[in-house]
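Data block for run_3.pdb (PDB, C-alpha atoms):
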ATOM      1  CA  MET G   1      34.238  27.149   5.681  1.00  0.00           C
ATOM      2  CA  ALA G   2      31.684  25.920   8.209  1.00  0.00           C
ATOM      3  CA  VAL G   3      32.915  25.144  11.676  1.00  0.00           C
ATOM      4  CA  THR G   4      31.470  21.966  13.138  1.00  0.00           C
ATOM      5  CA  ARG G   5      31.241  21.888  16.892  1.00  0.00           C
ATOM      6  CA  LYS G   6      31.359  18.784  18.968  1.00  0.00           C
ATOM      7  CA  PRO G   7      27.933  18.486  20.592  1.00  0.00           C
ATOM      8  CA  VAL G   8      27.385  18.602  24.332  1.00  0.00           C
ATOM      9  CA  VAL G   9      27.544  14.982  25.489  1.00  0.00           C
ATOM     10  CA  GLU G  10      25.842  13.608  28.575  1.00  0.00           C
ATOM     11  CA  VAL G  11      27.099  10.192  29.636  1.00  0.00           C
ATOM     12  CA  ARG G  12      24.718   8.110  31.709  1.00  0.00           C
ATOM     13  CA  ARG G  13      26.129   5.064  33.465  1.00  0.00           C
ATOM     14  CA  SER G  14      23.917   2.150  34.388  1.00  0.00           C
ATOM     15  CA  GLN G  15      24.599  -0.713  36.775  1.00  0.00           C
ATOM     16  CA  ARG G  16      22.013  -2.805  34.938  1.00  0.00           C
ATOM     17  CA  ARG G  17      23.705  -2.335  31.557  1.00  0.00           C
ATOM     18  CA  ARG G  18      26.439  -4.963  31.027  1.00  0.00           C
ATOM     19  CA  ARG G  19      27.794  -4.722  27.469  1.00  0.00           C
ATOM     20  CA  THR G  20      25.588  -2.555  25.325  1.00  0.00           C
ATOM     21  CA  VAL G  21      26.133   1.088  24.518  1.00  0.00           C
ATOM     22  CA  SER G  22      23.540   3.333  22.913  1.00  0.00           C
ATOM     23  CA  ALA G  23      23.141   7.006  22.117  1.00  0.00           C
ATOM     24  CA  TYR G  24      20.453   9.416  21.042  1.00  0.00           C
ATOM     25  CA  ARG G  25      20.004  13.103  20.426  1.00  0.00           C
ATOM     26  CA  ASP G  26      18.026  15.112  22.976  1.00  0.00           C
ATOM     27  CA  GLY G  27      17.751  18.574  21.452  1.00  0.00           C
ATOM     28  CA  GLU G  28      21.284  19.962  21.101  1.00  0.00           C
ATOM     29  CA  ARG G  29      22.685  17.361  23.484  1.00  0.00           C
ATOM     30  CA  VAL G  30      23.752  13.764  22.803  1.00  0.00           C
ATOM     31  CA  VAL G  31      22.997  11.234  25.549  1.00  0.00           C
ATOM     32  CA  VAL G  32      25.293   8.192  25.624  1.00  0.00           C
ATOM     33  CA  LEU G  33      24.244   5.217  27.760  1.00  0.00           C
ATOM     34  CA  ILE G  34      27.097   2.978  28.924  1.00  0.00           C
ATOM     35  CA  PRO G  35      27.690   0.230  31.505  1.00  0.00           C
ATOM     36  CA  ASP G  36      28.756   1.509  34.912  1.00  0.00           C
ATOM     37  CA  GLN G  37      31.914  -0.632  34.950  1.00  0.00           C
ATOM     38  CA  PHE G  38      33.477   1.073  31.905  1.00  0.00           C
ATOM     39  CA  SER G  39      36.751   2.870  32.573  1.00  0.00           C
ATOM     40  CA  ARG G  40      37.179   6.540  31.618  1.00  0.00           C
ATOM     41  CA  ALA G  41      39.217   5.437  28.584  1.00  0.00           C
ATOM     42  CA  GLU G  42      36.442   3.057  27.468  1.00  0.00           C
ATOM     43  CA  GLU G  43      33.903   5.825  28.045  1.00  0.00           C
ATOM     44  CA  SER G  44      35.870   8.227  25.876  1.00  0.00           C
ATOM     45  CA  GLU G  45      36.295   5.607  23.137  1.00  0.00           C
ATOM     46  CA  TRP G  46      32.584   4.767  23.126  1.00  0.00           C
ATOM     47  CA  VAL G  47      31.488   8.403  23.140  1.00  0.00           C
ATOM     48  CA  ASP G  48      33.583   8.984  19.994  1.00  0.00           C
ATOM     49  CA  ARG G  49      32.174   5.828  18.370  1.00  0.00           C
ATOM     50  CA  MET G  50      28.601   6.740  19.158  1.00  0.00           C
ATOM     51  CA  LEU G  51      29.016  10.316  17.904  1.00  0.00           C
ATOM     52  CA  ALA G  52      30.333   8.887  14.622  1.00  0.00           C
ATOM     53  CA  ARG G  53      27.361   6.488  14.397  1.00  0.00           C
ATOM     54  CA  LEU G  54      24.874   9.286  15.039  1.00  0.00           C
ATOM     55  CA  ALA G  55      26.551  11.450  12.394  1.00  0.00           C
ATOM     56  CA  ALA G  56      26.365   8.580   9.872  1.00  0.00           C
ATOM     57  CA  ARG G  57      22.694   7.999  10.701  1.00  0.00           C
ATOM     58  CA  GLU G  58      21.888  11.679  10.332  1.00  0.00           C
ATOM     59  CA  GLY G  59      23.765  11.713   7.020  1.00  0.00           C
ATOM     60  CA  ARG G  60      21.456   8.952   5.785  1.00  0.00           C
ATOM     61  CA  LEU G  61      18.480  10.974   6.937  1.00  0.00           C
ATOM     62  CA  ALA G  62      19.676  13.884   4.825  1.00  0.00           C
ATOM     63  CA  ARG G  63      19.156  11.930   1.611  1.00  0.00           C
ATOM     64  CA  SER G  64      18.149  14.332  -1.115  1.00  0.00           C
ATOM     65  CA  ASP G  65      15.454  14.314  -3.771  1.00  0.00           C
ATOM     66  CA  ALA G  66      18.213  14.277  -6.407  1.00  0.00           C
ATOM     67  CA  GLU G  67      19.665  11.107  -4.888  1.00  0.00           C
ATOM     68  CA  LEU G  68      16.187   9.575  -4.837  1.00  0.00           C
ATOM     69  CA  LEU G  69      15.715  10.379  -8.539  1.00  0.00           C
ATOM     70  CA  ALA G  70      19.125   8.826  -9.346  1.00  0.00           C
ATOM     71  CA  ARG G  71      18.130   5.731  -7.359  1.00  0.00           C
ATOM     72  CA  ALA G  72      14.899   5.540  -9.380  1.00  0.00           C
ATOM     73  CA  ALA G  73      16.856   5.718 -12.645  1.00  0.00           C
ATOM     74  CA  ARG G  74      19.098   2.849 -11.482  1.00  0.00           C
ATOM     75  CA  LEU G  75      16.088   0.724 -10.514  1.00  0.00           C
ATOM     76  CA  ILE G  76      14.431   1.396 -13.881  1.00  0.00           C
ATOM     77  CA  ASP G  77      17.591   0.252 -15.683  1.00  0.00           C
ATOM     78  CA  LEU G  78      17.811  -2.902 -13.576  1.00  0.00           C
ATOM     79  CA  TYR G  79      14.185  -4.019 -13.445  1.00  0.00           C
ATOM     80  CA  LEU G  80      11.921  -2.048 -15.797  1.00  0.00           C
ATOM     81  CA  SER G  81      14.095  -1.054 -18.759  1.00  0.00           C
ATOM     82  CA  GLU G  82      11.852  -2.646 -21.407  1.00  0.00           C
ATOM     83  CA  HIS G  83       9.129  -0.092 -20.588  1.00  0.00           C
ATOM     84  CA  GLY G  84      11.268   2.836 -21.801  1.00  0.00           C
ATOM     85  CA  SER G  85       9.863   6.313 -21.268  1.00  0.00           C
ATOM     86  CA  ALA G  86       6.580   4.901 -19.935  1.00  0.00           C
ATOM     87  CA  VAL G  87       8.272   4.367 -16.590  1.00  0.00           C
ATOM     88  CA  ALA G  88      10.147   7.687 -16.444  1.00  0.00           C
ATOM     89  CA  PRO G  89       8.821   9.743 -13.512  1.00  0.00           C
ATOM     90  CA  ALA G  90       8.368  13.517 -13.843  1.00  0.00           C
ATOM     91  CA  SER G  91       9.518  13.890 -10.225  1.00  0.00           C
ATOM     92  CA  VAL G  92      10.537  11.771  -7.274  1.00  0.00           C
ATOM     93  CA  ARG G  93      10.765  13.393  -3.869  1.00  0.00           C
ATOM     94  CA  TRP G  94      10.747  12.863  -0.123  1.00  0.00           C
ATOM     95  CA  VAL G  95       7.661  14.176   1.677  1.00  0.00           C
ATOM     96  CA  THR G  96       6.768  14.655   5.323  1.00  0.00           C
ATOM     97  CA  ASN G  97       2.984  14.554   4.998  1.00  0.00           C
ATOM     98  CA  GLN G  98       2.582  10.787   4.457  1.00  0.00           C
ATOM     99  CA  ASN G  99       2.234   9.016   7.765  1.00  0.00           C
ATOM    100  CA  GLY G 100      -0.214   6.334   6.696  1.00  0.00           C
ATOM    101  CA  ARG G 101       1.685   5.022   3.677  1.00  0.00           C
ATOM    102  CA  TRP G 102       5.294   4.465   2.618  1.00  0.00           C
ATOM    103  CA  GLY G 103       4.956   6.109  -0.777  1.00  0.00           C
ATOM    104  CA  SER G 104       2.511   7.221  -3.406  1.00  0.00           C
ATOM    105  CA  CYS G 105       2.381   7.654  -7.147  1.00  0.00           C
ATOM    106  CA  THR G 106       0.119   9.756  -9.335  1.00  0.00           C
ATOM    107  CA  PRO G 107       0.314   8.162 -12.796  1.00  0.00           C
ATOM    108  CA  ALA G 108      -1.590  11.059 -14.406  1.00  0.00           C
ATOM    109  CA  ASP G 109       1.229  13.544 -13.722  1.00  0.00           C
ATOM    110  CA  ARG G 110       3.974  10.908 -13.240  1.00  0.00           C
ATOM    111  CA  THR G 111       4.933  12.089  -9.741  1.00  0.00           C
ATOM    112  CA  ILE G 112       6.243   9.854  -6.993  1.00  0.00           C
ATOM    113  CA  ARG G 113       6.408  10.778  -3.340  1.00  0.00           C
ATOM    114  CA  ILE G 114       8.236   8.705  -0.719  1.00  0.00           C
ATOM    115  CA  SER G 115       7.528   9.173   2.991  1.00  0.00           C
ATOM    116  CA  HIS G 116      10.325  10.631   5.097  1.00  0.00           C
ATOM    117  CA  ARG G 117       9.736   7.678   7.463  1.00  0.00           C
ATOM    118  CA  VAL G 118      11.511   5.461   4.911  1.00  0.00           C
ATOM    119  CA  GLN G 119      14.702   7.598   4.819  1.00  0.00           C
ATOM    120  CA  ASP G 120      16.383   5.865   7.735  1.00  0.00           C
ATOM    121  CA  MET G 121      15.501   2.358   6.570  1.00  0.00           C
ATOM    122  CA  PRO G 122      18.029   0.092   4.851  1.00  0.00           C
ATOM    123  CA  ASP G 123      18.781   0.843   1.189  1.00  0.00           C
ATOM    124  CA  TRP G 124      17.126  -2.380   0.021  1.00  0.00           C
ATOM    125  CA  VAL G 125      13.848  -1.316   1.678  1.00  0.00           C
ATOM    126  CA  ILE G 126      14.025   2.144   0.083  1.00  0.00           C
ATOM    127  CA  ASP G 127      14.655   0.444  -3.272  1.00  0.00           C
ATOM    128  CA  TYR G 128      11.596  -1.751  -2.792  1.00  0.00           C
ATOM    129  CA  VAL G 129       9.293   1.171  -1.917  1.00  0.00           C
ATOM    130  CA  LEU G 130      10.616   3.166  -4.854  1.00  0.00           C
ATOM    131  CA  LEU G 131      10.282   0.247  -7.295  1.00  0.00           C
ATOM    132  CA  HIS G 132       6.739  -0.343  -6.031  1.00  0.00           C
ATOM    133  CA  GLU G 133       5.842   3.256  -6.887  1.00  0.00           C
ATOM    134  CA  LEU G 134       7.669   3.115 -10.241  1.00  0.00           C
ATOM    135  CA  ALA G 135       5.638   0.026 -11.144  1.00  0.00           C
ATOM    136  CA  HIS G 136       2.482   2.121 -10.683  1.00  0.00           C
ATOM    137  CA  LEU G 137       3.609   4.257 -13.633  1.00  0.00           C
ATOM    138  CA  ILE G 138       3.136   1.129 -15.762  1.00  0.00           C
ATOM    139  CA  VAL G 139       0.205  -0.514 -13.945  1.00  0.00           C
ATOM    140  CA  PRO G 140      -1.834   1.862 -11.745  1.00  0.00           C
ATOM    141  CA  SER G 141      -3.656  -0.875  -9.791  1.00  0.00           C
ATOM    142  CA  HIS G 142      -2.400  -3.662  -7.547  1.00  0.00           C
ATOM    143  CA  ASN G 143      -3.276  -6.475  -9.966  1.00  0.00           C
ATOM    144  CA  ALA G 144      -1.254  -9.576 -10.882  1.00  0.00           C
ATOM    145  CA  GLU G 145       0.656  -7.729 -13.611  1.00  0.00           C
ATOM    146  CA  PHE G 146       1.692  -5.049 -11.100  1.00  0.00           C
ATOM    147  CA  TRP G 147       2.904  -7.591  -8.523  1.00  0.00           C
ATOM    148  CA  ALA G 148       4.849  -9.446 -11.229  1.00  0.00           C
ATOM    149  CA  LEU G 149       6.752  -6.214 -11.945  1.00  0.00           C
ATOM    150  CA  VAL G 150       7.452  -5.648  -8.247  1.00  0.00           C
ATOM    151  CA  ALA G 151       8.549  -9.281  -7.819  1.00  0.00           C
ATOM    152  CA  ARG G 152      11.456  -8.641 -10.199  1.00  0.00           C
ATOM    153  CA  TYR G 153      13.205  -6.998  -7.251  1.00  0.00           C
ATOM    154  CA  PRO G 154      14.991  -9.905  -5.514  1.00  0.00           C
ATOM    155  CA  ARG G 155      14.378  -8.601  -1.991  1.00  0.00           C
ATOM    156  CA  SER G 156      10.731  -7.654  -2.456  1.00  0.00           C
ATOM    157  CA  GLU G 157       9.306 -10.247  -0.040  1.00  0.00           C
ATOM    158  CA  ARG G 158      11.937  -9.453   2.568  1.00  0.00           C
ATOM    159  CA  ALA G 159      11.291  -5.712   2.237  1.00  0.00           C
ATOM    160  CA  ARG G 160       7.534  -6.213   2.537  1.00  0.00           C
ATOM    161  CA  GLY G 161       8.116  -8.213   5.713  1.00  0.00           C
ATOM    162  CA  TYR G 162      10.377  -5.474   7.073  1.00  0.00           C
ATOM    163  CA  LEU G 163       7.734  -2.808   6.385  1.00  0.00           C
ATOM    164  CA  GLU G 164       4.992  -4.953   7.919  1.00  0.00           C
ATOM    165  CA  GLY G 165       7.128  -5.374  11.030  1.00  0.00           C
ATOM    166  CA  VAL G 166       7.732  -1.646  11.299  1.00  0.00           C
ATOM    167  CA  ALA G 167       4.027  -0.967  10.865  1.00  0.00           C
ATOM    168  CA  ALA G 168       3.085  -3.582  13.483  1.00  0.00           C
ATOM    169  CA  THR G 169       5.616  -2.187  15.949  1.00  0.00           C
ATOM    170  CA  ALA G 170       4.323   1.348  15.444  1.00  0.00           C
ATOM    171  CA  ALA G 171       0.807   0.178  16.307  1.00  0.00           C
ATOM    172  CA  ILE G 172       1.927  -1.148  19.695  1.00  0.00           C
ATOM    173  CA  PRO G 173       1.120   1.429  22.394  1.00  0.00           C
TER     174      PRO G 173
END
Any chance you could give the structure as structure tokens?
Amino acid sequence: MAVTRKPVVEVRRSQRRRRTVSAYRDGERVVVLIPDQFSRAEESEWVDRMLARLAAREGRLARSDAELLARAARLIDLYLSEHGSAVAPASVRWVTNQNGRWGSCTPADRTIRISHRVQDMPDWVIDYVLLHELAHLIVPSHNAEFWALVARYPRSERARGYLEGVAATAAIP
């Protein structure tokens, strides 16, 4: 049985901070930023809350290739089922070498790769990126037929806007 240790926590109080609390990992340490006026009891409560939030976030980041393949199967059933085996990917996996695109598909060998940068995004955005790549197994180009397949996903426009916002924010120095 693995023993999980509580991480070293550094609490930073700020007189400028009024209500918000945030936390981030800095190596092995977790830094929690809280308002200066918080009592020790409030500090303790918020440290526990923020540790739980970080653990949940890191759990989402640990999404597996198997989970991604299961998600693809669900999306095929919901939106592309009439295409049968033509839309069945040979593999679907997370990759760390795609920094200029959200995902890619090679129709010739039926492989789909999704950038690790998408892992921490909301599920509906991951579904959109995955459905986009699955649609390339049917239509390799970005023509009208392709976009009609992608548009079957009810949140496609919203997801595209989300991704455009992330991309625009990343370009800001």
Residues matched by the PyMOL selection byres ((chain G and resi 134) around 10), written as an mmCIF file with C-alpha atoms, in the frame of the given file:
data_model
loop_
_atom_site.group_PDB
_atom_site.id
_atom_site.type_symbol
_atom_site.label_atom_id
_atom_site.label_comp_id
_atom_site.auth_asym_id
_atom_site.auth_seq_id
_atom_site.Cartn_x
_atom_site.Cartn_y
_atom_site.Cartn_z
ATOM 1 C CA ALA G 72 14.899 5.540 -9.380
ATOM 2 C CA ALA G 73 16.856 5.718 -12.645
ATOM 3 C CA LEU G 75 16.088 0.724 -10.514
ATOM 4 C CA ILE G 76 14.431 1.396 -13.881
ATOM 5 C CA LEU G 80 11.921 -2.048 -15.797
ATOM 6 C CA ALA G 86 6.580 4.901 -19.935
ATOM 7 C CA VAL G 87 8.272 4.367 -16.590
ATOM 8 C CA ALA G 88 10.147 7.687 -16.444
ATOM 9 C CA PRO G 89 8.821 9.743 -13.512
ATOM 10 C CA VAL G 92 10.537 11.771 -7.274
ATOM 11 C CA SER G 104 2.511 7.221 -3.406
ATOM 12 C CA CYS G 105 2.381 7.654 -7.147
ATOM 13 C CA PRO G 107 0.314 8.162 -12.796
ATOM 14 C CA ARG G 110 3.974 10.908 -13.240
ATOM 15 C CA THR G 111 4.933 12.089 -9.741
ATOM 16 C CA ILE G 112 6.243 9.854 -6.993
ATOM 17 C CA TYR G 128 11.596 -1.751 -2.792
ATOM 18 C CA VAL G 129 9.293 1.171 -1.917
ATOM 19 C CA LEU G 130 10.616 3.166 -4.854
ATOM 20 C CA LEU G 131 10.282 0.247 -7.295
ATOM 21 C CA HIS G 132 6.739 -0.343 -6.031
ATOM 22 C CA GLU G 133 5.842 3.256 -6.887
ATOM 23 C CA ALA G 135 5.638 0.026 -11.144
ATOM 24 C CA HIS G 136 2.482 2.121 -10.683
ATOM 25 C CA LEU G 137 3.609 4.257 -13.633
ATOM 26 C CA ILE G 138 3.136 1.129 -15.762
ATOM 27 C CA VAL G 139 0.205 -0.514 -13.945
ATOM 28 C CA PRO G 140 -1.834 1.862 -11.745
ATOM 29 C CA LEU G 149 6.752 -6.214 -11.945
ATOM 30 C CA VAL G 150 7.452 -5.648 -8.247
#
Reference answer for the PyMOL selection byres ((chain G and resi 22-30) around 9), as a VMD selection string = chain G and resid 7 to 11 20 to 21 31 to 34 47 50 to 51 53 to 54
key: Given all atoms listed in the file as the counted atoms, nearest of G:Ser14, G:Asn143, G:Ser115, G:Ser64 to Asn97 (chain G)   = G:Ser115
Output, as JSON, the centre and edge lengths in Å (one decimal) of the axis-aligned box that contains all listed atoms of region 29-44 of chain G with 4 Å of margin on each side.
{"center_x": 31.0, "center_y": 8.4, "center_z": 28.9, "size_x": 24.5, "size_y": 26.0, "size_z": 20.1}
query = Using only C-alpha atoms, which of G:Arg74, G:Lys6, G:Gly100, G:Arg16 sits nearest Asp48 (chain G)?
reply =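 The answer is G:Lys6, which sits nearest to Asp48 (chain G).
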query = Applied to this file, what does the PyMOL selection byres ((chain G and resi 68) around 10) return in terms of residues, put as a PyMOL selection string?
reply = chain G and resi 63-67+69-74+91-94+113-114+119+126-127+130
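Coordinates place CA of Ala108 (chain G) at a distance of 25.4 Å from CA of Ser156 (chain G).
If all atoms listed in the file are the atoms counted, then among G:Arg152, G:Val118, G:His83, G:Asp36 the closest residue to Val95 (chain G) is G:Val118.
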key: Nearest-residue call for Glu157 (chain G), choices G:Leu78, G:Ala56, G:Val125, G:Ala41, using all atoms listed in the file   =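 Smallest separation from Glu157 (chain G) among the options: G:Val125.
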request  = Check the smallest atom-to-atom distance from each of G:Gly165, G:Ala170, G:Tyr153, G:Asp120 to Asn99 (chain G) using all atoms listed in the file, then report the winner.
outcome  =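 When distances to Asn99 (chain G) are compared using all atoms listed in the file, the smallest one comes from G:Ala170.
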message = With only C-alpha atoms as the counted atoms, please give the residues lying no more than 10 Å from Arg158 (chain G), apart from itself and same-chain residues fewer than 3 positions off, as a PyMOL selection string.
response = chain G and resi 124-125+128+154-155+161-164
ask   = Mind pulling up the distance from CA of Thr106 (chain G) to CA of Ser141 (chain G)?
value = 11.3 Å
message = For a test of reading the model, state the distance in Å between CA of Arg117 (chain G) and CA of Ser85 (chain G), rounded to one decimal.
response = 28.8 Å
